[in-house]
Amino acid sequence: MAKTYHDADADLSLIQAKKVAIIGYGSQGHAHALNLKDSGVDVRVGLRPGSHNAHKAELAGLHVGTVAEVSAWADVIMNLTPDQTAAKVYHEDIAPNMKPNVTLMFAHGFNIRFRTITPPATVDVSLVAPKSPGHRVREVFTEGGGVPALVAVEQDASGTAMSLALSYAKAIGCTRAGVLETTFTEETETDLFGEQAVLCGGAAALVKCGFEVLTEAGYQPELAYFEVLHELKLIVDLLYRGGLEYMNYSISDTAEWGGYEAQAPIVTADTKKAMKQLLSNIQDGSFAAKFINENNTGRHGFAKYRDAERNHPIEKVGAPLRASMPFLDPVKVVDGAVVKA
């Protein structure tokens with residue numbers, strides 16, 4: 001069983017005594033910075049010159065500097081830039097400027113696990129990974145709660161890396177919900193596998209395939225959309241609140257029985273074999289190598305995938321349906337930005 005920490009296990013004063021640099025002000029960055037600030041931590045945000053997020057951070061009352069400036073100032077540096085840019089930011093702006101005994105922190109272990117970042121032996125390297133998108137990290141914190149998180153120490157030069165990581169987790173609200181101890185390797189590999197096999201890859205493939213089967217059989221695409229995509233949220237909410245048993249308790253007997261009968265032919269031995277291969281590709285580094293190469297060679301394959309997804313018939317059918325339901329607070333992506341639908 002994983003070791004779990006709560007508020008009583010963390011000393012908030014430890015992080016309050018440090019100068020903390022948050023590198024990036026995206027989904028996680030804004031949440032960490034604002035929660036730290038509200039917890040009495042001296043925090044600054046590091047951004048590239050000309051970043052459109054600088055004004056947002058300043059409006060929120062945060063001190064903003066370049067990545068190099070805040071890295072030189074800080075005792076603790078939390079790198080919240082995307083996986084594909086984190087190493088470049090580290091090598092160009094953080095490493096040349098950071099103090100020799102600084103604490104380097106991450107919210108995902110990718111770059112440490114796959115050694116695109118190898119910090120010097122004199123620094124602590126730790127991880128605090130909230131299990132929630134950044135907007136929920138902030139939202140739940142302001143409501144007096146917190147989201148669960150994972151904590152790990154890769155390198156403990158000071159002998160106090162875990163205590164400081166738990167203090168950081170408390171400052172952003174995560175010890176209110178519970179923080180599970182793990183390793184950088186375990187966090188990275190399970191996170192990537194969950195995204196690929198179930199949450200993003202697997203779920204999207206099932207939704208698209210179900211839509212195609214219904215429409216190819218002559219059913220109206222709008223009905224197919226509701227049955228395989230729209231109602232998925234209702235089921236996921238049940239799973240989220242009470243697991244498989246609560247879902248089965250809440251649905252009809254017809255749905256429950258049909259679900260049992262369908263599991264074996266849909267998720268077959270070949271499906272499990274494919275999942276194991278995905279995990280193997282993650283563990284041996286081949287997925288990371290391919291992803292890094294894709295980002296270093298123009299992201300042409302990435303763009304092709306995105307274009308195919310954007311133009312799938314379920315997206316063409318779904319967009320006007322979502323726009324007609326304002327209670328969903330529907331949005332769409334236009335030129336890389338999210339706007340109201």
# chains A, B, ... in the order shown; residues from 1 in each chain; ligands from 1
$ closest_atom_pairs --of "region 281-319 of chain A" --to "region 202-209 of chain A" --cutoff "9 Å" --atoms "only C-alpha atoms" --output "CSV"
residue,atom,partner,partner_atom,distance
A:His312,CA,A:Lys208,CA,8.1
A:Pro313,CA,A:Lys208,CA,8.7
A:Ile314,CA,A:Lys208,CA,7.0
$ write_last_selection --atoms "C-alpha atoms" --output "PDB file, in the first residue's frame"
ATOM      1  CA  HIS A 312     -13.482  13.137 -37.676  1.00  0.00           C
ATOM      2  CA  PRO A 313     -17.256  13.062 -38.371  1.00  0.00           C
ATOM      3  CA  ILE A 314     -18.084  12.934 -34.655  1.00  0.00           C
TER       4      ILE A 314
END
$ residues_around --residues "Val333 (chain A)" --least-positions-apart "3" --cutoff "12 Å" --atoms "only C-alpha atoms" --output "list of chain:residue names"
A:Arg306, A:Arg310, A:Glu315, A:Ala319, A:Pro330, A:Gly336, A:Ala337, A:Val338, A:Val339, A:Lys340, A:Ala341
$ closest_residue --among "A:Phe141, A:Phe110, A:Tyr25, A:Tyr5" --to "Glu181 (chain A)" --atoms "only C-alpha atoms"
A:Tyr5
$ closest_residue --among "A:Met105, A:Leu34, A:Ala86, A:Ala255" --to "Ala165 (chain A)" --atoms "only C-alpha atoms"
A:Met105
$ closest_residue --among "A:Val125, A:Ala224, A:Thr188, A:Gly259" --to "Ala157 (chain A)" --atoms "only C-alpha atoms"
A:Val125
$ closest_residue --among "A:Ala60, A:Ile23, A:Ala31, A:Asn311" --to "Gly46 (chain A)" --atoms "only C-alpha atoms"
A:Ile23
$ closest_residue --among "A:Ala21, A:Leu62, A:Val41, A:Ala288" --to "Val76 (chain A)" --atoms "only C-alpha atoms"
A:Ala21
$ residues_around --residues "Thr190 (chain A)" --least-positions-apart "5" --cutoff "9 Å" --atoms "only C-alpha atoms" --output "list in words"
Thr185, Glu195 and Leu279 of chain A
$ select_by_dssp --residues "region 88-139 of chain A" --states "strand (DSSP E or B)" --output "PyMOL selection string"
chain A and resi 103-106+124-130
$ residues_around --residues "region 289-300 of chain A" --least-positions-apart "2" --cutoff "12 Å" --atoms "only C-alpha atoms" --output "mmCIF file with all heavy atoms, in the first residue's frame"
data_model
loop_
_atom_site.group_PDB
_atom_site.id
_atom_site.type_symbol
_atom_site.label_atom_id
_atom_site.label_comp_id
_atom_site.auth_asym_id
_atom_site.auth_seq_id
_atom_site.Cartn_x
_atom_site.Cartn_y
_atom_site.Cartn_z
ATOM 1 N N PRO A 82 6.069 22.560 -20.355
ATOM 2 C CA PRO A 82 5.674 21.283 -20.958
ATOM 3 C C PRO A 82 6.845 20.313 -21.093
ATOM 4 O O PRO A 82 8.004 20.725 -21.199
ATOM 5 C CB PRO A 82 5.134 21.699 -22.333
ATOM 6 C CG PRO A 82 4.731 23.129 -22.179
ATOM 7 C CD PRO A 82 5.703 23.715 -21.204
ATOM 8 N N ASP A 83 6.531 19.020 -21.121
ATOM 9 C CA ASP A 83 7.565 17.986 -21.226
ATOM 10 C C ASP A 83 8.522 18.253 -22.382
ATOM 11 O O ASP A 83 9.738 18.054 -22.254
ATOM 12 C CB ASP A 83 6.920 16.607 -21.418
ATOM 13 C CG ASP A 83 6.207 16.107 -20.177
ATOM 14 O OD1 ASP A 83 6.545 16.558 -19.066
ATOM 15 O OD2 ASP A 83 5.303 15.259 -20.326
ATOM 16 N N GLN A 84 7.985 18.691 -23.517
ATOM 17 C CA GLN A 84 8.809 18.830 -24.718
ATOM 18 C C GLN A 84 9.723 20.052 -24.687
ATOM 19 O O GLN A 84 10.630 20.171 -25.510
ATOM 20 C CB GLN A 84 7.940 18.858 -25.982
ATOM 21 C CG GLN A 84 7.033 20.065 -26.109
ATOM 22 C CD GLN A 84 5.659 19.842 -25.512
ATOM 23 O OE1 GLN A 84 5.495 19.021 -24.623
ATOM 24 N NE2 GLN A 84 4.677 20.580 -25.998
ATOM 25 N N THR A 85 9.497 20.986 -23.763
ATOM 26 C CA THR A 85 10.348 22.181 -23.685
ATOM 27 C C THR A 85 11.098 22.289 -22.362
ATOM 28 O O THR A 85 11.992 23.124 -22.233
ATOM 29 C CB THR A 85 9.505 23.460 -23.876
ATOM 30 O OG1 THR A 85 8.480 23.499 -22.871
ATOM 31 C CG2 THR A 85 8.861 23.487 -25.253
ATOM 32 N N ALA A 86 10.752 21.461 -21.383
ATOM 33 C CA ALA A 86 11.332 21.583 -20.044
ATOM 34 C C ALA A 86 12.852 21.451 -20.053
ATOM 35 O O ALA A 86 13.559 22.181 -19.345
ATOM 36 C CB ALA A 86 10.718 20.541 -19.107
ATOM 37 N N ALA A 87 13.380 20.517 -20.831
ATOM 38 C CA ALA A 87 14.830 20.312 -20.856
ATOM 39 C C ALA A 87 15.550 21.519 -21.455
ATOM 40 O O ALA A 87 16.593 21.955 -20.951
ATOM 41 C CB ALA A 87 15.170 19.044 -21.641
ATOM 42 N N LYS A 88 15.005 22.069 -22.522
ATOM 43 C CA LYS A 88 15.611 23.245 -23.166
ATOM 44 C C LYS A 88 15.630 24.422 -22.190
ATOM 45 O O LYS A 88 16.638 25.129 -22.052
ATOM 46 C CB LYS A 88 14.825 23.601 -24.424
ATOM 47 C CG LYS A 88 15.397 24.750 -25.241
ATOM 48 C CD LYS A 88 14.622 24.917 -26.545
ATOM 49 C CE LYS A 88 15.263 25.927 -27.480
ATOM 50 N NZ LYS A 88 15.167 27.316 -26.985
ATOM 51 N N PHE A 110 8.801 13.053 -16.294
ATOM 52 C CA PHE A 110 9.241 12.677 -17.645
ATOM 53 C C PHE A 110 10.717 12.977 -17.899
ATOM 54 O O PHE A 110 11.489 12.103 -18.312
ATOM 55 C CB PHE A 110 8.365 13.400 -18.674
ATOM 56 C CG PHE A 110 8.631 13.013 -20.102
ATOM 57 C CD1 PHE A 110 7.866 12.040 -20.729
ATOM 58 C CD2 PHE A 110 9.640 13.624 -20.838
ATOM 59 C CE1 PHE A 110 8.103 11.680 -22.053
ATOM 60 C CE2 PHE A 110 9.891 13.273 -22.153
ATOM 61 C CZ PHE A 110 9.121 12.291 -22.762
ATOM 62 N N ASN A 111 11.120 14.221 -17.685
ATOM 63 C CA ASN A 111 12.470 14.615 -18.077
ATOM 64 C C ASN A 111 13.554 14.060 -17.160
ATOM 65 O O ASN A 111 14.691 13.855 -17.610
ATOM 66 C CB ASN A 111 12.562 16.146 -18.160
ATOM 67 C CG ASN A 111 11.890 16.682 -19.398
ATOM 68 O OD1 ASN A 111 12.466 16.697 -20.470
ATOM 69 N ND2 ASN A 111 10.639 17.107 -19.253
ATOM 70 N N ARG A 113 13.078 11.015 -15.543
ATOM 71 C CA ARG A 113 13.032 9.584 -15.842
ATOM 72 C C ARG A 113 13.786 9.248 -17.121
ATOM 73 O O ARG A 113 14.516 8.247 -17.190
ATOM 74 C CB ARG A 113 11.561 9.132 -15.949
ATOM 75 C CG ARG A 113 11.325 7.773 -16.583
ATOM 76 C CD ARG A 113 11.937 6.645 -15.773
ATOM 77 N NE ARG A 113 11.708 5.345 -16.412
ATOM 78 C CZ ARG A 113 12.476 4.833 -17.363
ATOM 79 N NH1 ARG A 113 13.558 5.496 -17.804
ATOM 80 N NH2 ARG A 113 12.196 3.647 -17.884
ATOM 81 N N PHE A 114 13.640 10.073 -18.147
ATOM 82 C CA PHE A 114 14.259 9.770 -19.437
ATOM 83 C C PHE A 114 15.548 10.565 -19.667
ATOM 84 O O PHE A 114 16.056 10.633 -20.779
ATOM 85 C CB PHE A 114 13.250 9.980 -20.564
ATOM 86 C CG PHE A 114 12.067 9.048 -20.449
ATOM 87 C CD1 PHE A 114 10.796 9.538 -20.194
ATOM 88 C CD2 PHE A 114 12.239 7.680 -20.544
ATOM 89 C CE1 PHE A 114 9.705 8.676 -20.056
ATOM 90 C CE2 PHE A 114 11.160 6.809 -20.409
ATOM 91 C CZ PHE A 114 9.897 7.310 -20.165
ATOM 92 N N ARG A 115 16.049 11.186 -18.587
ATOM 93 C CA ARG A 115 17.386 11.784 -18.521
ATOM 94 C C ARG A 115 17.643 12.872 -19.560
ATOM 95 O O ARG A 115 18.774 13.030 -20.053
ATOM 96 C CB ARG A 115 18.457 10.698 -18.592
ATOM 97 C CG ARG A 115 18.325 9.663 -17.481
ATOM 98 C CD ARG A 115 19.516 8.743 -17.383
ATOM 99 N NE ARG A 115 19.307 7.734 -16.344
ATOM 100 C CZ ARG A 115 19.439 7.953 -15.030
ATOM 101 N NH1 ARG A 115 19.763 9.162 -14.592
ATOM 102 N NH2 ARG A 115 19.224 6.978 -14.158
ATOM 103 N N THR A 116 16.619 13.605 -19.918
ATOM 104 C CA THR A 116 16.860 14.819 -20.699
ATOM 105 C C THR A 116 17.313 15.945 -19.770
ATOM 106 O O THR A 116 17.844 16.953 -20.231
ATOM 107 C CB THR A 116 15.595 15.256 -21.463
ATOM 108 O OG1 THR A 116 14.564 15.556 -20.529
ATOM 109 C CG2 THR A 116 15.124 14.173 -22.412
ATOM 110 N N LEU A 192 1.939 7.954 -18.094
ATOM 111 C CA LEU A 192 1.944 7.802 -19.551
ATOM 112 C C LEU A 192 1.062 6.633 -19.984
ATOM 113 O O LEU A 192 0.310 6.735 -20.967
ATOM 114 C CB LEU A 192 3.371 7.592 -20.059
ATOM 115 C CG LEU A 192 4.336 8.773 -19.904
ATOM 116 C CD1 LEU A 192 5.739 8.376 -20.344
ATOM 117 C CD2 LEU A 192 3.847 9.992 -20.668
ATOM 118 N N ASN A 281 6.896 -0.070 -24.247
ATOM 119 C CA ASN A 281 7.466 1.050 -24.993
ATOM 120 C C ASN A 281 7.763 2.239 -24.081
ATOM 121 O O ASN A 281 8.707 3.001 -24.321
ATOM 122 C CB ASN A 281 6.519 1.492 -26.109
ATOM 123 C CG ASN A 281 6.346 0.440 -27.186
ATOM 124 O OD1 ASN A 281 7.129 -0.502 -27.281
ATOM 125 N ND2 ASN A 281 5.307 0.583 -27.987
ATOM 126 N N ILE A 282 6.938 2.405 -23.059
ATOM 127 C CA ILE A 282 7.175 3.468 -22.079
ATOM 128 C C ILE A 282 8.389 3.118 -21.220
ATOM 129 O O ILE A 282 9.292 3.932 -21.023
ATOM 130 C CB ILE A 282 5.922 3.672 -21.204
ATOM 131 C CG1 ILE A 282 4.780 4.272 -22.032
ATOM 132 C CG2 ILE A 282 6.240 4.561 -20.003
ATOM 133 C CD1 ILE A 282 3.422 4.167 -21.368
ATOM 134 N N GLN A 283 8.418 1.894 -20.721
ATOM 135 C CA GLN A 283 9.475 1.474 -19.809
ATOM 136 C C GLN A 283 10.855 1.477 -20.452
ATOM 137 O O GLN A 283 11.845 1.844 -19.809
ATOM 138 C CB GLN A 283 9.164 0.072 -19.278
ATOM 139 C CG GLN A 283 7.961 0.016 -18.356
ATOM 140 C CD GLN A 283 7.540 -1.413 -18.043
ATOM 141 O OE1 GLN A 283 7.676 -2.308 -18.885
ATOM 142 N NE2 GLN A 283 7.025 -1.632 -16.850
ATOM 143 N N ASP A 284 10.933 1.068 -21.729
ATOM 144 C CA ASP A 284 12.252 0.988 -22.361
ATOM 145 C C ASP A 284 12.694 2.302 -22.999
ATOM 146 O O ASP A 284 13.776 2.395 -23.587
ATOM 147 C CB ASP A 284 12.317 -0.152 -23.389
ATOM 148 C CG ASP A 284 11.425 0.076 -24.614
ATOM 149 O OD1 ASP A 284 10.994 1.206 -24.862
ATOM 150 O OD2 ASP A 284 11.162 -0.931 -25.325
ATOM 151 N N GLY A 285 11.851 3.337 -22.890
ATOM 152 C CA GLY A 285 12.222 4.658 -23.380
ATOM 153 C C GLY A 285 11.913 4.915 -24.836
ATOM 154 O O GLY A 285 12.139 6.026 -25.334
ATOM 155 N N SER A 286 11.387 3.918 -25.559
ATOM 156 C CA SER A 286 11.161 4.120 -26.986
ATOM 157 C C SER A 286 10.033 5.121 -27.247
ATOM 158 O O SER A 286 10.101 5.883 -28.224
ATOM 159 C CB SER A 286 10.884 2.789 -27.688
ATOM 160 O OG SER A 286 9.783 2.114 -27.121
ATOM 161 N N PHE A 287 8.996 5.145 -26.386
ATOM 162 C CA PHE A 287 7.959 6.163 -26.566
ATOM 163 C C PHE A 287 8.554 7.553 -26.366
ATOM 164 O O PHE A 287 8.299 8.470 -27.165
ATOM 165 C CB PHE A 287 6.787 5.961 -25.602
ATOM 166 C CG PHE A 287 5.885 7.169 -25.529
ATOM 167 C CD1 PHE A 287 4.983 7.437 -26.541
ATOM 168 C CD2 PHE A 287 5.984 8.073 -24.477
ATOM 169 C CE1 PHE A 287 4.182 8.575 -26.518
ATOM 170 C CE2 PHE A 287 5.184 9.217 -24.440
ATOM 171 C CZ PHE A 287 4.281 9.462 -25.457
ATOM 172 N N PHE A 302 2.616 14.900 -35.440
ATOM 173 C CA PHE A 302 1.710 15.441 -34.430
ATOM 174 C C PHE A 302 0.590 16.232 -35.116
ATOM 175 O O PHE A 302 -0.601 16.067 -34.816
ATOM 176 C CB PHE A 302 2.502 16.358 -33.489
ATOM 177 C CG PHE A 302 1.935 16.498 -32.112
ATOM 178 C CD1 PHE A 302 2.738 16.278 -31.005
ATOM 179 C CD2 PHE A 302 0.621 16.869 -31.890
ATOM 180 C CE1 PHE A 302 2.245 16.408 -29.712
ATOM 181 C CE2 PHE A 302 0.113 17.014 -30.618
ATOM 182 C CZ PHE A 302 0.919 16.785 -29.519
ATOM 183 N N ALA A 303 0.968 17.094 -36.063
ATOM 184 C CA ALA A 303 -0.008 17.913 -36.779
ATOM 185 C C ALA A 303 -0.973 17.052 -37.587
ATOM 186 O O ALA A 303 -2.176 17.338 -37.670
ATOM 187 C CB ALA A 303 0.719 18.898 -37.694
ATOM 188 N N LYS A 304 -0.463 15.964 -38.159
ATOM 189 C CA LYS A 304 -1.316 15.071 -38.952
ATOM 190 C C LYS A 304 -2.352 14.381 -38.066
ATOM 191 O O LYS A 304 -3.532 14.272 -38.416
ATOM 192 C CB LYS A 304 -0.449 14.032 -39.673
ATOM 193 C CG LYS A 304 -1.186 13.187 -40.696
ATOM 194 C CD LYS A 304 -0.236 12.254 -41.436
ATOM 195 C CE LYS A 304 0.739 13.031 -42.290
ATOM 196 N NZ LYS A 304 1.582 12.112 -43.109
ATOM 197 N N TYR A 305 -1.901 13.914 -36.892
ATOM 198 C CA TYR A 305 -2.828 13.304 -35.934
ATOM 199 C C TYR A 305 -3.922 14.300 -35.522
ATOM 200 O O TYR A 305 -5.103 13.979 -35.487
ATOM 201 C CB TYR A 305 -2.071 12.865 -34.683
ATOM 202 C CG TYR A 305 -1.349 11.555 -34.784
ATOM 203 C CD1 TYR A 305 -0.071 11.422 -34.225
ATOM 204 C CD2 TYR A 305 -1.911 10.442 -35.395
ATOM 205 C CE1 TYR A 305 0.616 10.211 -34.287
ATOM 206 C CE2 TYR A 305 -1.237 9.234 -35.460
ATOM 207 C CZ TYR A 305 0.030 9.126 -34.901
ATOM 208 O OH TYR A 305 0.705 7.941 -34.957
ATOM 209 N N ARG A 306 -3.497 15.513 -35.176
ATOM 210 C CA ARG A 306 -4.462 16.528 -34.730
ATOM 211 C C ARG A 306 -5.482 16.845 -35.822
ATOM 212 O O ARG A 306 -6.657 17.019 -35.547
ATOM 213 C CB ARG A 306 -3.725 17.811 -34.327
ATOM 214 C CG ARG A 306 -3.182 17.792 -32.920
ATOM 215 C CD ARG A 306 -2.625 19.144 -32.547
ATOM 216 N NE ARG A 306 -2.233 19.175 -31.147
ATOM 217 C CZ ARG A 306 -1.517 20.143 -30.601
ATOM 218 N NH1 ARG A 306 -1.092 21.155 -31.355
ATOM 219 N NH2 ARG A 306 -1.216 20.119 -29.317
ATOM 220 N N ASP A 307 -4.991 16.944 -37.049
ATOM 221 C CA ASP A 307 -5.887 17.277 -38.152
ATOM 222 C C ASP A 307 -6.916 16.174 -38.379
ATOM 223 O O ASP A 307 -8.101 16.438 -38.600
ATOM 224 C CB ASP A 307 -5.054 17.500 -39.424
ATOM 225 C CG ASP A 307 -5.883 18.068 -40.557
ATOM 226 O OD1 ASP A 307 -6.478 19.143 -40.367
ATOM 227 O OD2 ASP A 307 -5.946 17.429 -41.621
#
$ atom_distance --atom1 "CA of Pro49 (chain A)" --atom2 "CA of Gly65 (chain A)"
8.4 Å
